[in-house]
Amino acid sequence: MDRTARQPAKKRVPLAGLSARLGVNGRQLDYLVNPDLARGIAYIETPKVACTAIKAYMQSRAGTVPAVVHDRDASPLPRLSALKIADRWATLAGPVRRFGFTRNPFTRVLSGYLDKIVRNEWERPRHLPRLGFAPDARIDFATFLQALAAIPDAERDIHFARQTRLLMIGDVSYDFLGAFERFDADFAEMKRRYYGAPQEDATAGTGRHHATSANSRLAEFFGPREIRLAQEIYALDFALLDYSAELADAAAPPARMAAPERSVRLAARHLGLPDPAADIAGFDAALDAERAAGRLGAERVADLRERAAAGG
């Protein structure tokens, strides 16, 4: 649940520099980024991707779990805007180890619809006017997707926005990207990697109160029209997060490569550059051209070259 709209204005500190660079507004950055600088890590949240379980675990290790896990002011993990400017940049573009989790767009958008539009009596009147409907309207899934398709992604609620934008894929590099489709294993790996927990310590059931059983209800809601709309709305998520755009494959986890190679190849695809794994000379030449044209700064070019070398 995104409760940032109800926070006092004084708590919404501008993050103009980061927001301009990364294409995510400051309010969303403040909500989605969960730093734990004592451990040198940061979790970039994607709503409807087991974020309750992940944040509850991190909060339990950083202090105490608040009554409402999503209450950023009560969380022991600070808001990005509460950090020093240097630490903000380090969190998203520096040595802090970043991780996130992704989900097949078909099941994620259906889960969002069932949770926010169908089931939740408090959320429905908040979301429907943003989609162009009366607060008490009852809309089917196809109508919901059609309305969502008409809204630019930057204006969509974070529960329905593209994961590639929320994760800032291509601009922010990741040490680890887990998948909802193999959550128990990837959650255990996250805890082992960043907290030294034993591999078998997988409390995947934590914080599942938003569960909607979307995976088991795909055939009930997706016909040809709904499939086409979801494919169009989330085309970048399917392509850049390595998910199949076929509904029959919705339960399959994405095939992902090692972190350095994955992050630079995602960045190259996002920026329209040659794949460094297939054409390193072309990739280097394109970087030089982008820098000469003023579209990429020297630091960004150096970062991409370093990641390409690490992946090679």
# chains A, B, ... in the order shown; residues from 1 in each chain; ligands from 1

call {"tool": "closest_atom_pairs", "arguments": {"of": "segment 47-107 of chain A", "to": "segment 152-164 of chain A", "cutoff": "10 Å", "atoms": "only C-alpha atoms", "output": "JSON lines"}}
result
{"residue": "A:Pro47", "atom": "CA", "partner": "A:His159", "partner_atom": "CA", "distance": 5.3}
{"residue": "A:Lys48", "atom": "CA", "partner": "A:His159", "partner_atom": "CA", "distance": 6.4}
{"residue": "A:Val49", "atom": "CA", "partner": "A:His159", "partner_atom": "CA", "distance": 9.5}
{"residue": "A:Phe101", "atom": "CA", "partner": "A:Gln163", "partner_atom": "CA", "distance": 9.4}
{"residue": "A:Thr102", "atom": "CA", "partner": "A:Gln163", "partner_atom": "CA", "distance": 7.1}
{"residue": "A:Arg103", "atom": "CA", "partner": "A:Gln163", "partner_atom": "CA", "distance": 8.4}
{"residue": "A:Asn104", "atom": "CA", "partner": "A:Gln163", "partner_atom": "CA", "distance": 9.7}
{"residue": "A:Pro105", "atom": "CA", "partner": "A:Arg162", "partner_atom": "CA", "distance": 8.4}

call {"tool": "select_by_dssp", "arguments": {"residues": "segment 81-139 of chain A", "states": "strand (DSSP E or B)", "output": "PyMOL selection string"}}
result
chain A and resi 97-102

call {"tool": "closest_atom_pairs", "arguments": {"of": "segment 9-128 of chain A", "to": "segment 189-192 of chain A", "cutoff": "12 Å", "atoms": "only C-alpha atoms", "output": "tab-separated table"}}
result
residue	atom	partner	partner_atom	distance
A:Ile41	CA	A:Met190	CA	10.9
A:Ala42	CA	A:Met190	CA	11.6
A:Tyr43	CA	A:Met190	CA	10.3
A:Ala53	CA	A:Lys191	CA	11.8
A:Ile54	CA	A:Met190	CA	9.3
A:Lys55	CA	A:Lys191	CA	11.8
A:Tyr57	CA	A:Lys191	CA	8.7
A:Met58	CA	A:Lys191	CA	9.0
A:Arg61	CA	A:Lys191	CA	10.4
A:Arg97	CA	A:Met190	CA	11.4
A:Arg98	CA	A:Met190	CA	10.8
A:Phe99	CA	A:Met190	CA	8.2
A:Gly100	CA	A:Met190	CA	9.4
A:Phe101	CA	A:Met190	CA	10.0

call {"tool": "select_by_dssp", "arguments": {"residues": "segment 92-174 of chain A", "states": "helix (DSSP H, G or I)", "output": "JSON, numbers by chain"}}
result
{"A": [92, 93, 105, 106, 107, 108, 109, 110, 111, 112, 113, 114, 115, 116, 117, 118, 119, 124, 125, 126, 127, 128, 129, 130, 131, 141, 142, 143, 144, 145, 146, 147, 148, 149, 153, 154, 155, 163, 164, 165, 166]}

call {"tool": "residues_around", "arguments": {"residues": "Asn25 of chain A", "least_positions_apart": "4", "cutoff": "9 Å", "atoms": "only C-alpha atoms", "output": "compact mmCIF listing (two decimals) with N, CA and C atoms, in the first residue's frame"}}
result
# COMPACT_ATOMS: atom_id res chain seq x y z
N LEU A 15 13.99 15.55 -4.17
CA LEU A 15 15.14 14.77 -4.62
C LEU A 15 15.36 15.09 -6.09
N ALA A 16 15.43 16.40 -6.38
CA ALA A 16 15.37 16.86 -7.77
C ALA A 16 16.47 16.29 -8.64
N LEU A 18 18.40 13.51 -8.36
CA LEU A 18 18.22 12.09 -8.64
C LEU A 18 16.98 11.84 -9.49
N SER A 19 15.92 12.57 -9.18
CA SER A 19 14.68 12.37 -9.93
C SER A 19 14.87 12.71 -11.40
N ALA A 20 15.55 13.82 -11.70
CA ALA A 20 15.77 14.22 -13.08
C ALA A 20 16.61 13.20 -13.83
N LEU A 29 10.61 7.97 -5.31
CA LEU A 29 11.95 7.55 -4.87
C LEU A 29 12.00 7.41 -3.36
N ASP A 30 11.41 8.37 -2.68
CA ASP A 30 11.42 8.37 -1.22
C ASP A 30 10.69 7.17 -0.65
N ALA A 154 4.46 7.21 -16.30
CA ALA A 154 4.90 8.08 -15.20
C ALA A 154 3.74 8.57 -14.35

call {"tool": "closest_residue", "arguments": {"among": "A:Leu22, A:Leu37, A:Val96, A:Leu114", "to": "Leu77 of chain A", "atoms": "only C-alpha atoms"}}
result
A:Leu37

call {"tool": "closest_atom_pairs", "arguments": {"of": "segment 27-112 of chain A", "to": "segment 291-307 of chain A", "cutoff": "12 Å", "atoms": "only C-alpha atoms", "output": "CSV"}}
result
residue,atom,partner,partner_atom,distance
A:Ala93,CA,A:Asp303,CA,9.3
A:Gly94,CA,A:Asp303,CA,9.8
A:Pro95,CA,A:Asp303,CA,11.5

call {"tool": "write_last_selection", "arguments": {"atoms": "C-alpha atoms", "output": "PDB file, in the first residue's frame"}}
result
ATOM      1  CA  ALA A  93      24.730   5.236  -8.147  1.00  0.00           C
ATOM      2  CA  GLY A  94      27.623   4.304  -5.882  1.00  0.00           C
ATOM      3  CA  PRO A  95      29.095   1.417  -3.893  1.00  0.00           C
TER       4      PRO A  95
END

call {"tool": "residues_around", "arguments": {"residues": "His127 of chain A", "least_positions_apart": "6", "cutoff": "10 Å", "atoms": "only C-alpha atoms", "output": "CSV table (one decimal) with C-alpha atoms, in the first residue's frame"}}
result
chain,number,residue,atom,x,y,z
A,116,LYS,CA,-6.8,-2.5,-5.4
A,117,ILE,CA,-9.9,-2.5,-7.7
A,133,PHE,CA,-14.1,6.3,-13.3
A,134,ALA,CA,-16.5,7.2,-10.5
A,135,PRO,CA,-15.2,6.2,-7.0
A,156,ARG,CA,0.3,5.5,-13.2
A,157,ASP,CA,0.1,4.4,-9.6

call {"tool": "residues_around", "arguments": {"residues": "segment 166-171 of chain A", "least_positions_apart": "5", "cutoff": "8 Å", "atoms": "only C-alpha atoms", "output": "list in words"}}
result
Leu22, Gly23, Val24, Leu32, Ile44, Glu45, Thr46, Gly100, Ile158, Ala161, Ser263, Val264, Leu266, Ala267, Ala268, Arg269, His270 and Leu271 of chain A

call {"tool": "closest_residue", "arguments": {"among": "A:Ala50, A:Ala245, A:Ala142, A:Ala308", "to": "Glu220 of chain A", "atoms": "only C-alpha atoms"}}
result
A:Ala142

call {"tool": "closest_residue", "arguments": {"among": "A:Ala147, A:Arg126, A:Pro198, A:Tyr234", "to": "Ala185 of chain A", "atoms": "only C-alpha atoms"}}
result
A:Pro198

call {"tool": "residues_around", "arguments": {"residues": "Ala230 of chain A", "least_positions_apart": "3", "cutoff": "12 Å", "atoms": "only C-alpha atoms", "output": "PyMOL selection string"}}
result
chain A and resi 104-110+141-149+160-162+221-227+233-238+245-247

call {"tool": "write_last_selection", "arguments": {"atoms": "C-alpha atoms", "output": "PDB file, in the first residue's frame"}}
result
ATOM      1  CA  ASN A 104       5.842 -11.650 -14.525  1.00  0.00           C
ATOM      2  CA  PRO A 105       3.762  -8.665 -15.751  1.00  0.00           C
ATOM      3  CA  PHE A 106       0.673 -10.817 -16.352  1.00  0.00           C
ATOM      4  CA  THR A 107       0.399 -11.990 -12.752  1.00  0.00           C
ATOM      5  CA  ARG A 108       1.550  -8.673 -11.283  1.00  0.00           C
ATOM      6  CA  VAL A 109      -1.091  -6.548 -13.045  1.00  0.00           C
ATOM      7  CA  LEU A 110      -3.827  -9.062 -12.236  1.00  0.00           C
ATOM      8  CA  PHE A 141     -10.423  -6.450 -16.025  1.00  0.00           C
ATOM      9  CA  ALA A 142     -10.436  -5.538 -19.721  1.00  0.00           C
ATOM     10  CA  THR A 143     -11.888  -2.086 -18.963  1.00  0.00           C
ATOM     11  CA  PHE A 144      -9.244  -1.592 -16.288  1.00  0.00           C
ATOM     12  CA  LEU A 145      -6.422  -2.493 -18.688  1.00  0.00           C
ATOM     13  CA  GLN A 146      -7.848  -0.248 -21.406  1.00  0.00           C
ATOM     14  CA  ALA A 147      -7.917   2.691 -18.983  1.00  0.00           C
ATOM     15  CA  LEU A 148      -4.418   1.894 -17.774  1.00  0.00           C
ATOM     16  CA  ALA A 149      -3.104   1.818 -21.355  1.00  0.00           C
ATOM     17  CA  PHE A 160       0.422  -0.631 -11.914  1.00  0.00           C
ATOM     18  CA  ALA A 161       3.555   1.123 -13.248  1.00  0.00           C
ATOM     19  CA  ARG A 162       6.220  -0.698 -15.256  1.00  0.00           C
ATOM     20  CA  PHE A 221      -9.329 -13.071 -16.422  1.00  0.00           C
ATOM     21  CA  PHE A 222      -7.091 -13.185 -19.498  1.00  0.00           C
ATOM     22  CA  GLY A 223      -8.651 -13.590 -22.922  1.00  0.00           C
ATOM     23  CA  PRO A 224      -7.084 -12.457 -26.235  1.00  0.00           C
ATOM     24  CA  ARG A 225      -7.949  -8.779 -25.644  1.00  0.00           C
ATOM     25  CA  GLU A 226      -6.555  -8.724 -22.103  1.00  0.00           C
ATOM     26  CA  ILE A 227      -3.387 -10.528 -23.200  1.00  0.00           C
ATOM     27  CA  ILE A 233       1.419  -1.866 -21.543  1.00  0.00           C
ATOM     28  CA  TYR A 234       4.319  -3.895 -20.167  1.00  0.00           C
ATOM     29  CA  ALA A 235       6.347  -4.508 -23.321  1.00  0.00           C
ATOM     30  CA  LEU A 236       9.526  -3.162 -21.712  1.00  0.00           C
ATOM     31  CA  ASP A 237       9.073  -5.323 -18.623  1.00  0.00           C
ATOM     32  CA  PHE A 238       8.724  -8.459 -20.729  1.00  0.00           C
ATOM     33  CA  ALA A 245       5.220 -12.572 -23.258  1.00  0.00           C
ATOM     34  CA  GLU A 246       3.198 -15.780 -23.597  1.00  0.00           C
ATOM     35  CA  LEU A 247       0.521 -16.250 -20.946  1.00  0.00           C
TER      36      LEU A 247
END

call {"tool": "closest_residue", "arguments": {"among": "A:Tyr31, A:Tyr243, A:Phe176, A:Phe187", "to": "Ala82 of chain A", "atoms": "only C-alpha atoms"}}
result
A:Tyr31

call {"tool": "atom_distance", "arguments": {"atom1": "atom CA of Arg182 of chain A", "atom2": "atom CA of Pro254 of chain A"}}
result
9.4 Å

call {"tool": "closest_residue", "arguments": {"among": "A:Leu80, A:Ala38, A:Ile151, A:Ala309", "to": "Gly63 of chain A", "atoms": "only C-alpha atoms"}}
result
A:Ala38

call {"tool": "atom_distance", "arguments": {"atom1": "atom CA of Glu181 of chain A", "atom2": "atom CA of Pro35 of chain A"}}
result
24.5 Å
